[in-house]
>>> print(open('work18.cif').read())   # mmCIF, N, CA and C atoms
data_run
#
loop_
_atom_site.label_atom_id
_atom_site.label_comp_id
_atom_site.auth_asym_id
_atom_site.auth_seq_id
_atom_site.Cartn_x
_atom_site.Cartn_y
_atom_site.Cartn_z
N MET Y 1 0.83 -1.18 0.00
CA MET Y 1 0.00 0.00 0.00
C MET Y 1 0.88 1.25 0.00
N LEU Y 2 1.90 1.21 0.78
CA LEU Y 2 2.77 2.36 0.92
C LEU Y 2 3.44 2.71 -0.40
N ASN Y 3 3.75 1.69 -1.19
CA ASN Y 3 4.45 1.91 -2.45
C ASN Y 3 3.52 2.07 -3.64
N GLY Y 4 2.21 2.09 -3.40
CA GLY Y 4 1.25 2.35 -4.45
C GLY Y 4 1.06 1.23 -5.46
N VAL Y 5 1.42 0.02 -5.11
CA VAL Y 5 1.26 -1.10 -6.04
C VAL Y 5 -0.22 -1.47 -6.16
N SER Y 6 -0.61 -1.94 -7.34
CA SER Y 6 -2.01 -2.32 -7.56
C SER Y 6 -2.24 -3.80 -7.30
N GLU Y 7 -1.16 -4.53 -7.06
CA GLU Y 7 -1.25 -5.96 -6.81
C GLU Y 7 -0.43 -6.33 -5.59
N ILE Y 8 -0.91 -7.30 -4.83
CA ILE Y 8 -0.11 -7.88 -3.76
C ILE Y 8 -0.01 -9.36 -4.06
N GLY Y 9 0.87 -10.04 -3.36
CA GLY Y 9 1.01 -11.45 -3.63
C GLY Y 9 1.33 -12.25 -2.40
N THR Y 10 1.16 -13.54 -2.53
CA THR Y 10 1.58 -14.47 -1.50
C THR Y 10 2.55 -15.45 -2.13
N THR Y 11 3.51 -15.87 -1.34
CA THR Y 11 4.52 -16.81 -1.82
C THR Y 11 4.71 -17.92 -0.81
N LEU Y 12 4.73 -19.14 -1.30
CA LEU Y 12 5.03 -20.30 -0.46
C LEU Y 12 6.50 -20.64 -0.70
N HIS Y 13 7.29 -20.55 0.37
CA HIS Y 13 8.74 -20.80 0.28
C HIS Y 13 9.10 -22.09 1.00
N ARG Y 14 10.21 -22.70 0.58
CA ARG Y 14 10.84 -23.71 1.41
C ARG Y 14 11.35 -22.98 2.65
N THR Y 15 11.33 -23.65 3.77
CA THR Y 15 11.75 -23.03 5.02
C THR Y 15 13.28 -22.93 5.07
N THR Y 16 13.74 -21.75 5.43
CA THR Y 16 15.17 -21.49 5.64
C THR Y 16 15.31 -20.65 6.91
N ALA Y 17 16.52 -20.42 7.32
CA ALA Y 17 16.75 -19.62 8.53
C ALA Y 17 16.32 -18.17 8.33
N ARG Y 18 16.34 -17.68 7.11
CA ARG Y 18 15.98 -16.29 6.82
C ARG Y 18 14.57 -16.26 6.23
N ILE Y 19 13.74 -15.34 6.69
CA ILE Y 19 12.37 -15.22 6.19
C ILE Y 19 12.38 -14.82 4.72
N ASP Y 20 11.51 -15.45 3.95
CA ASP Y 20 11.32 -15.17 2.51
C ASP Y 20 12.56 -15.45 1.67
N ALA Y 21 13.44 -16.33 2.13
CA ALA Y 21 14.68 -16.59 1.40
C ALA Y 21 14.72 -17.98 0.78
N GLY Y 22 13.80 -18.86 1.16
CA GLY Y 22 13.83 -20.22 0.64
C GLY Y 22 13.32 -20.29 -0.78
N ASP Y 23 13.61 -21.41 -1.46
CA ASP Y 23 13.13 -21.61 -2.82
C ASP Y 23 11.62 -21.37 -2.89
N VAL Y 24 11.15 -20.81 -3.99
CA VAL Y 24 9.74 -20.52 -4.19
C VAL Y 24 9.04 -21.78 -4.69
N LEU Y 25 8.00 -22.18 -3.96
CA LEU Y 25 7.21 -23.35 -4.32
C LEU Y 25 5.93 -22.97 -5.07
N ALA Y 26 5.36 -21.83 -4.73
CA ALA Y 26 4.14 -21.37 -5.39
C ALA Y 26 3.92 -19.90 -5.08
N GLN Y 27 3.19 -19.22 -5.97
CA GLN Y 27 2.89 -17.82 -5.77
C GLN Y 27 1.48 -17.52 -6.27
N SER Y 28 0.89 -16.46 -5.71
CA SER Y 28 -0.39 -15.98 -6.21
C SER Y 28 -0.35 -14.46 -6.21
N ALA Y 29 -1.20 -13.86 -7.03
CA ALA Y 29 -1.30 -12.41 -7.10
C ALA Y 29 -2.75 -12.01 -6.86
N LEU Y 30 -2.91 -10.90 -6.13
CA LEU Y 30 -4.24 -10.39 -5.81
C LEU Y 30 -4.29 -8.92 -6.17
N THR Y 31 -5.42 -8.50 -6.71
CA THR Y 31 -5.59 -7.10 -7.05
C THR Y 31 -5.97 -6.31 -5.80
N ARG Y 32 -5.34 -5.19 -5.63
CA ARG Y 32 -5.65 -4.28 -4.53
C ARG Y 32 -6.65 -3.26 -5.02
N THR Y 33 -7.78 -3.15 -4.32
CA THR Y 33 -8.77 -2.15 -4.70
C THR Y 33 -8.46 -0.85 -3.96
N ALA Y 34 -9.01 0.24 -4.45
CA ALA Y 34 -8.78 1.55 -3.84
C ALA Y 34 -9.33 1.62 -2.43
N THR Y 35 -10.30 0.79 -2.10
CA THR Y 35 -10.92 0.84 -0.77
C THR Y 35 -10.37 -0.19 0.20
N ASP Y 36 -9.43 -1.02 -0.23
CA ASP Y 36 -8.87 -2.04 0.65
C ASP Y 36 -8.10 -1.41 1.80
N SER Y 37 -8.39 -1.86 3.00
CA SER Y 37 -7.58 -1.47 4.16
C SER Y 37 -6.43 -2.45 4.29
N HIS Y 38 -5.50 -2.15 5.17
CA HIS Y 38 -4.39 -3.06 5.43
C HIS Y 38 -4.93 -4.40 5.93
N LEU Y 39 -5.91 -4.36 6.83
CA LEU Y 39 -6.49 -5.59 7.36
C LEU Y 39 -7.16 -6.41 6.26
N ALA Y 40 -7.89 -5.75 5.37
CA ALA Y 40 -8.55 -6.47 4.27
C ALA Y 40 -7.52 -7.15 3.38
N LEU Y 41 -6.44 -6.46 3.07
CA LEU Y 41 -5.38 -7.06 2.25
C LEU Y 41 -4.71 -8.22 2.97
N THR Y 42 -4.51 -8.08 4.27
CA THR Y 42 -3.93 -9.17 5.06
C THR Y 42 -4.83 -10.39 5.02
N ALA Y 43 -6.13 -10.18 5.16
CA ALA Y 43 -7.08 -11.30 5.11
C ALA Y 43 -7.08 -11.95 3.73
N LYS Y 44 -7.07 -11.14 2.67
CA LYS Y 44 -7.02 -11.68 1.31
C LYS Y 44 -5.76 -12.51 1.09
N ALA Y 45 -4.63 -11.98 1.55
CA ALA Y 45 -3.36 -12.69 1.38
C ALA Y 45 -3.34 -13.99 2.18
N THR Y 46 -3.95 -13.97 3.36
CA THR Y 46 -4.01 -15.19 4.18
C THR Y 46 -4.83 -16.27 3.49
N VAL Y 47 -5.98 -15.91 2.96
CA VAL Y 47 -6.83 -16.87 2.25
C VAL Y 47 -6.09 -17.43 1.04
N ALA Y 48 -5.43 -16.56 0.29
CA ALA Y 48 -4.67 -17.02 -0.87
C ALA Y 48 -3.52 -17.93 -0.46
N GLY Y 49 -2.84 -17.59 0.63
CA GLY Y 49 -1.74 -18.42 1.13
C GLY Y 49 -2.20 -19.79 1.57
N ILE Y 50 -3.36 -19.85 2.19
CA ILE Y 50 -3.92 -21.15 2.60
C ILE Y 50 -4.20 -22.00 1.37
N ALA Y 51 -4.73 -21.39 0.32
CA ALA Y 51 -5.00 -22.14 -0.92
C ALA Y 51 -3.70 -22.67 -1.52
N LEU Y 52 -2.64 -21.86 -1.50
CA LEU Y 52 -1.34 -22.33 -2.00
C LEU Y 52 -0.83 -23.52 -1.19
N LEU Y 53 -0.94 -23.40 0.12
CA LEU Y 53 -0.46 -24.47 1.00
C LEU Y 53 -1.27 -25.74 0.79
N LYS Y 54 -2.58 -25.61 0.62
CA LYS Y 54 -3.44 -26.78 0.39
C LYS Y 54 -3.03 -27.50 -0.90
N ARG Y 55 -2.83 -26.74 -1.99
CA ARG Y 55 -2.40 -27.37 -3.25
C ARG Y 55 -1.03 -28.03 -3.10
N HIS Y 56 -0.13 -27.39 -2.35
CA HIS Y 56 1.19 -27.95 -2.12
C HIS Y 56 1.09 -29.28 -1.35
N MET Y 57 0.26 -29.29 -0.32
CA MET Y 57 0.09 -30.52 0.47
C MET Y 57 -0.52 -31.64 -0.38
N GLU Y 58 -1.45 -31.29 -1.26
CA GLU Y 58 -2.04 -32.29 -2.16
C GLU Y 58 -0.98 -32.88 -3.09
N THR Y 59 -0.07 -32.06 -3.56
CA THR Y 59 1.05 -32.53 -4.40
C THR Y 59 1.90 -33.52 -3.63
N LEU Y 60 2.23 -33.18 -2.39
CA LEU Y 60 3.05 -34.07 -1.57
C LEU Y 60 2.31 -35.38 -1.27
N GLU Y 61 1.01 -35.30 -1.00
CA GLU Y 61 0.22 -36.50 -0.69
C GLU Y 61 0.16 -37.45 -1.88
N ARG Y 62 0.24 -36.90 -3.11
CA ARG Y 62 0.25 -37.76 -4.30
C ARG Y 62 1.64 -38.37 -4.53
N GLY Y 63 2.60 -38.02 -3.67
CA GLY Y 63 3.94 -38.54 -3.81
C GLY Y 63 4.77 -37.82 -4.85
N GLU Y 64 4.31 -36.66 -5.29
CA GLU Y 64 5.02 -35.89 -6.31
C GLU Y 64 5.99 -34.91 -5.65
N THR Y 65 7.02 -34.58 -6.38
CA THR Y 65 7.97 -33.57 -5.91
C THR Y 65 7.55 -32.23 -6.47
N PRO Y 66 7.29 -31.28 -5.60
CA PRO Y 66 6.85 -29.97 -6.10
C PRO Y 66 7.96 -29.23 -6.82
N ASP Y 67 7.57 -28.47 -7.83
CA ASP Y 67 8.54 -27.61 -8.51
C ASP Y 67 8.99 -26.53 -7.52
N ALA Y 68 10.22 -26.13 -7.66
CA ALA Y 68 10.75 -25.06 -6.81
C ALA Y 68 11.76 -24.28 -7.63
N ARG Y 69 11.80 -22.99 -7.38
CA ARG Y 69 12.82 -22.18 -8.05
C ARG Y 69 13.53 -21.32 -7.01
N PRO Y 70 14.84 -21.22 -7.15
CA PRO Y 70 15.61 -20.42 -6.19
C PRO Y 70 15.22 -18.95 -6.27
N ILE Y 71 15.41 -18.28 -5.18
CA ILE Y 71 15.13 -16.85 -5.13
C ILE Y 71 16.40 -16.11 -4.72
N ASP Y 72 16.62 -14.98 -5.35
CA ASP Y 72 17.76 -14.15 -5.01
C ASP Y 72 17.24 -13.01 -4.13
N VAL Y 73 17.39 -13.13 -2.82
CA VAL Y 73 16.84 -12.14 -1.90
C VAL Y 73 17.48 -10.76 -2.06
N SER Y 74 18.63 -10.70 -2.66
CA SER Y 74 19.27 -9.40 -2.86
C SER Y 74 18.54 -8.57 -3.92
N ARG Y 75 17.66 -9.21 -4.69
CA ARG Y 75 16.93 -8.51 -5.75
C ARG Y 75 15.49 -8.22 -5.37
N ALA Y 76 15.12 -8.48 -4.14
CA ALA Y 76 13.73 -8.25 -3.71
C ALA Y 76 13.38 -6.77 -3.78
N ARG Y 77 12.22 -6.47 -4.38
CA ARG Y 77 11.77 -5.07 -4.47
C ARG Y 77 11.37 -4.55 -3.10
N TYR Y 78 10.67 -5.39 -2.34
CA TYR Y 78 10.19 -5.00 -1.03
C TYR Y 78 10.57 -6.10 -0.04
N PRO Y 79 11.80 -6.08 0.47
CA PRO Y 79 12.25 -7.13 1.38
C PRO Y 79 11.39 -7.19 2.65
N TYR Y 80 11.34 -8.36 3.23
CA TYR Y 80 10.55 -8.57 4.44
C TYR Y 80 11.07 -7.71 5.59
N ARG Y 81 10.12 -7.08 6.26
CA ARG Y 81 10.39 -6.38 7.52
C ARG Y 81 9.18 -6.59 8.40
N SER Y 82 9.39 -6.73 9.67
CA SER Y 82 8.27 -7.06 10.55
C SER Y 82 7.36 -5.87 10.84
N TRP Y 83 7.87 -4.66 10.80
CA TRP Y 83 7.04 -3.51 11.11
C TRP Y 83 7.62 -2.27 10.43
N PRO Y 84 6.76 -1.37 9.96
CA PRO Y 84 7.29 -0.18 9.28
C PRO Y 84 7.94 0.82 10.23
N ALA Y 85 8.80 1.63 9.67
CA ALA Y 85 9.42 2.71 10.43
C ALA Y 85 8.40 3.83 10.63
N ARG Y 86 8.65 4.67 11.61
CA ARG Y 86 7.73 5.77 11.94
C ARG Y 86 7.43 6.66 10.72
N GLU Y 87 8.45 6.99 9.95
CA GLU Y 87 8.25 7.82 8.76
C GLU Y 87 7.35 7.12 7.75
N GLU Y 88 7.50 5.81 7.61
CA GLU Y 88 6.63 5.07 6.68
C GLU Y 88 5.18 5.11 7.15
N LEU Y 89 4.96 5.04 8.45
CA LEU Y 89 3.59 5.14 8.98
C LEU Y 89 3.00 6.51 8.67
N ARG Y 90 3.79 7.55 8.79
CA ARG Y 90 3.32 8.90 8.45
C ARG Y 90 2.94 8.97 6.97
N ARG Y 91 3.79 8.44 6.11
CA ARG Y 91 3.49 8.43 4.66
C ARG Y 91 2.24 7.61 4.36
N PHE Y 92 2.10 6.48 5.02
CA PHE Y 92 0.93 5.60 4.84
C PHE Y 92 -0.35 6.39 5.08
N HIS Y 93 -0.42 7.08 6.20
CA HIS Y 93 -1.61 7.86 6.54
C HIS Y 93 -1.76 9.08 5.63
N ALA Y 94 -0.66 9.73 5.29
CA ALA Y 94 -0.71 10.91 4.42
C ALA Y 94 -1.26 10.55 3.03
N GLN Y 95 -1.04 9.32 2.61
CA GLN Y 95 -1.54 8.86 1.31
C GLN Y 95 -3.02 8.49 1.37
N GLY Y 96 -3.62 8.55 2.55
CA GLY Y 96 -5.04 8.22 2.68
C GLY Y 96 -5.29 6.74 2.92
N ASN Y 97 -4.25 5.98 3.19
CA ASN Y 97 -4.42 4.54 3.45
C ASN Y 97 -5.04 4.34 4.83
N THR Y 98 -5.67 3.19 5.00
CA THR Y 98 -6.35 2.85 6.24
C THR Y 98 -5.87 1.49 6.73
N PHE Y 99 -5.61 1.40 8.03
CA PHE Y 99 -5.20 0.10 8.59
C PHE Y 99 -6.38 -0.86 8.69
N TRP Y 100 -7.52 -0.39 9.16
CA TRP Y 100 -8.68 -1.26 9.28
C TRP Y 100 -9.95 -0.42 9.34
N ARG Y 101 -11.05 -1.11 9.01
CA ARG Y 101 -12.39 -0.54 9.14
C ARG Y 101 -13.23 -1.54 9.91
N ALA Y 102 -14.22 -1.07 10.61
CA ALA Y 102 -15.11 -1.97 11.37
C ALA Y 102 -15.73 -3.00 10.43
N SER Y 103 -16.04 -2.61 9.21
CA SER Y 103 -16.65 -3.55 8.26
C SER Y 103 -15.70 -4.70 7.92
N ASP Y 104 -14.39 -4.45 7.95
CA ASP Y 104 -13.42 -5.53 7.71
C ASP Y 104 -13.57 -6.60 8.79
N PHE Y 105 -13.64 -6.17 10.04
CA PHE Y 105 -13.77 -7.12 11.14
C PHE Y 105 -15.09 -7.89 11.03
N ARG Y 106 -16.16 -7.20 10.68
CA ARG Y 106 -17.46 -7.88 10.55
C ARG Y 106 -17.39 -8.97 9.49
N ARG Y 107 -16.79 -8.65 8.33
CA ARG Y 107 -16.68 -9.65 7.25
C ARG Y 107 -15.82 -10.84 7.67
N ILE Y 108 -14.69 -10.54 8.29
CA ILE Y 108 -13.78 -11.63 8.69
C ILE Y 108 -14.41 -12.50 9.76
N LEU Y 109 -15.01 -11.89 10.76
CA LEU Y 109 -15.62 -12.66 11.85
C LEU Y 109 -16.86 -13.42 11.41
N ALA Y 110 -17.50 -12.96 10.35
CA ALA Y 110 -18.67 -13.66 9.80
C ALA Y 110 -18.25 -14.72 8.78
N PHE Y 111 -16.95 -14.86 8.56
CA PHE Y 111 -16.38 -15.80 7.58
C PHE Y 111 -16.93 -15.53 6.19
N GLU Y 112 -17.16 -14.26 5.89
CA GLU Y 112 -17.57 -13.91 4.53
C GLU Y 112 -16.38 -14.06 3.62
N ASP Y 113 -16.66 -14.11 2.34
CA ASP Y 113 -15.60 -14.28 1.35
C ASP Y 113 -14.72 -13.02 1.34
N VAL Y 114 -13.58 -13.08 1.98
CA VAL Y 114 -12.70 -11.91 2.06
C VAL Y 114 -12.03 -11.59 0.73
N LEU Y 115 -12.12 -12.51 -0.23
CA LEU Y 115 -11.53 -12.22 -1.54
C LEU Y 115 -12.47 -11.40 -2.39
N ALA Y 116 -13.74 -11.30 -1.99
CA ALA Y 116 -14.67 -10.45 -2.74
C ALA Y 116 -14.30 -9.00 -2.49
N ALA Y 117 -14.37 -8.19 -3.52
CA ALA Y 117 -13.97 -6.78 -3.39
C ALA Y 117 -14.86 -5.98 -2.51
#
>>> encode(input="work18.cif", output="structure tokens")
Amino acid sequence: MLNGVSEIGTTLHRTTARIDAGDVLAQSALTRTATDSHLALTAKATVAGIALLKRHMETLERGETPDARPIDVSRARYPYRSWPAREELRRFHAQGNTFWRASDFRRILAFEDVLAA
């Protein structure tokens, strides 16, 4: 949101000591709408990630070896960080972004389709 991208994604990695550094097993892309809050995007990404993991587990259960491709973390556009810096939070709000809305919580707690726009 902070960088103005119109798409977000989820990636299923092989586990390594460094976050987001393992070989890529699967990826998905989601469109960000102008009204999406941070919480709504987090919920969408979580649902998409669960779907990736489910397909991966089904591949393993069939006895197949999943495809994997190495990732060069030095080329990441937006490397993993656990929390934004204070200046980034100021920019986030200045851009009109929203962390959450009450309606987001209602949809999530009602188990509504969070992928619906």
>>> resolve_selection(input="work18.cif", expression="the PyMOL selection byres (((chain Y and resi 83-95 and name CA) around 12) and name CA)", output="list in words")
Met1, Leu2, Asn3, Gly4, Ala34, Ser37, His38, Tyr78, Pro79, Tyr80, Arg81, Ser82, Gly96, Asn97, Thr98, Phe99 and Trp100 of chain Y
>>> resolve_selection(input="work18.cif", expression="the PyMOL selection byres ((chain Y and resi 67) around 8)", output="PyMOL selection string")
chain Y and resi 23-26+64-66+68-70
>>> resolve_selection(input="work18.cif", expression="the PyMOL selection byres (((chain Y and resi 21 and name CA) around 12) and name CA)", output="VMD selection string")
chain Y and resid 11 to 20 22 to 25 69 to 76 79 to 80
>>> write_last_selection(input="work18.cif", atoms="N, CA and C atoms", output="mmCIF file, in the frame of the given file")
data_model
loop_
_atom_site.group_PDB
_atom_site.id
_atom_site.type_symbol
_atom_site.label_atom_id
_atom_site.label_comp_id
_atom_site.auth_asym_id
_atom_site.auth_seq_id
_atom_site.Cartn_x
_atom_site.Cartn_y
_atom_site.Cartn_z
ATOM 1 N N THR Y 11 3.510 -15.870 -1.340
ATOM 2 C CA THR Y 11 4.520 -16.810 -1.820
ATOM 3 C C THR Y 11 4.710 -17.920 -0.810
ATOM 4 N N LEU Y 12 4.730 -19.140 -1.300
ATOM 5 C CA LEU Y 12 5.030 -20.300 -0.460
ATOM 6 C C LEU Y 12 6.500 -20.640 -0.700
ATOM 7 N N HIS Y 13 7.290 -20.550 0.370
ATOM 8 C CA HIS Y 13 8.740 -20.800 0.280
ATOM 9 C C HIS Y 13 9.100 -22.090 1.000
ATOM 10 N N ARG Y 14 10.210 -22.700 0.580
ATOM 11 C CA ARG Y 14 10.840 -23.710 1.410
ATOM 12 C C ARG Y 14 11.350 -22.980 2.650
ATOM 13 N N THR Y 15 11.330 -23.650 3.770
ATOM 14 C CA THR Y 15 11.750 -23.030 5.020
ATOM 15 C C THR Y 15 13.280 -22.930 5.070
ATOM 16 N N THR Y 16 13.740 -21.750 5.430
ATOM 17 C CA THR Y 16 15.170 -21.490 5.640
ATOM 18 C C THR Y 16 15.310 -20.650 6.910
ATOM 19 N N ALA Y 17 16.520 -20.420 7.320
ATOM 20 C CA ALA Y 17 16.750 -19.620 8.530
ATOM 21 C C ALA Y 17 16.320 -18.170 8.330
ATOM 22 N N ARG Y 18 16.340 -17.680 7.110
ATOM 23 C CA ARG Y 18 15.980 -16.290 6.820
ATOM 24 C C ARG Y 18 14.570 -16.260 6.230
ATOM 25 N N ILE Y 19 13.740 -15.340 6.690
ATOM 26 C CA ILE Y 19 12.370 -15.220 6.190
ATOM 27 C C ILE Y 19 12.380 -14.820 4.720
ATOM 28 N N ASP Y 20 11.510 -15.450 3.950
ATOM 29 C CA ASP Y 20 11.320 -15.170 2.510
ATOM 30 C C ASP Y 20 12.560 -15.450 1.670
ATOM 31 N N GLY Y 22 13.800 -18.860 1.160
ATOM 32 C CA GLY Y 22 13.830 -20.220 0.640
ATOM 33 C C GLY Y 22 13.320 -20.290 -0.780
ATOM 34 N N ASP Y 23 13.610 -21.410 -1.460
ATOM 35 C CA ASP Y 23 13.130 -21.610 -2.820
ATOM 36 C C ASP Y 23 11.620 -21.370 -2.890
ATOM 37 N N VAL Y 24 11.150 -20.810 -3.990
ATOM 38 C CA VAL Y 24 9.740 -20.520 -4.190
ATOM 39 C C VAL Y 24 9.040 -21.780 -4.690
ATOM 40 N N LEU Y 25 8.000 -22.180 -3.960
ATOM 41 C CA LEU Y 25 7.210 -23.350 -4.320
ATOM 42 C C LEU Y 25 5.930 -22.970 -5.070
ATOM 43 N N ARG Y 69 11.800 -22.990 -7.380
ATOM 44 C CA ARG Y 69 12.820 -22.180 -8.050
ATOM 45 C C ARG Y 69 13.530 -21.320 -7.010
ATOM 46 N N PRO Y 70 14.840 -21.220 -7.150
ATOM 47 C CA PRO Y 70 15.610 -20.420 -6.190
ATOM 48 C C PRO Y 70 15.220 -18.950 -6.270
ATOM 49 N N ILE Y 71 15.410 -18.280 -5.180
ATOM 50 C CA ILE Y 71 15.130 -16.850 -5.130
ATOM 51 C C ILE Y 71 16.400 -16.110 -4.720
ATOM 52 N N ASP Y 72 16.620 -14.980 -5.350
ATOM 53 C CA ASP Y 72 17.760 -14.150 -5.010
ATOM 54 C C ASP Y 72 17.240 -13.010 -4.130
ATOM 55 N N VAL Y 73 17.390 -13.130 -2.820
ATOM 56 C CA VAL Y 73 16.840 -12.140 -1.900
ATOM 57 C C VAL Y 73 17.480 -10.760 -2.060
ATOM 58 N N SER Y 74 18.630 -10.700 -2.660
ATOM 59 C CA SER Y 74 19.270 -9.400 -2.860
ATOM 60 C C SER Y 74 18.540 -8.570 -3.920
ATOM 61 N N ARG Y 75 17.660 -9.210 -4.690
ATOM 62 C CA ARG Y 75 16.930 -8.510 -5.750
ATOM 63 C C ARG Y 75 15.490 -8.220 -5.370
ATOM 64 N N ALA Y 76 15.120 -8.480 -4.140
ATOM 65 C CA ALA Y 76 13.730 -8.250 -3.710
ATOM 66 C C ALA Y 76 13.380 -6.770 -3.780
ATOM 67 N N PRO Y 79 11.800 -6.080 0.470
ATOM 68 C CA PRO Y 79 12.250 -7.130 1.380
ATOM 69 C C PRO Y 79 11.390 -7.190 2.650
ATOM 70 N N TYR Y 80 11.340 -8.360 3.230
ATOM 71 C CA TYR Y 80 10.550 -8.570 4.440
ATOM 72 C C TYR Y 80 11.070 -7.710 5.590
#
>>> atom_distance(input="work18.cif", atom1="atom N of Thr46 in chain Y", atom2="CA of Gly63 in chain Y")
26.8 Å
>>> closest_residue(input="work18.cif", among="Y:Ile8, Y:Gln27, Y:Arg32, Y:Leu39", to="Leu52 in chain Y", atoms="only C-alpha atoms")
Y:Gln27
>>> select_by_dssp(input="work18.cif", residues="chain Y", states="strand (DSSP E or B)", output="number ranges by chain")
Y: 7-13, 24-31, 69
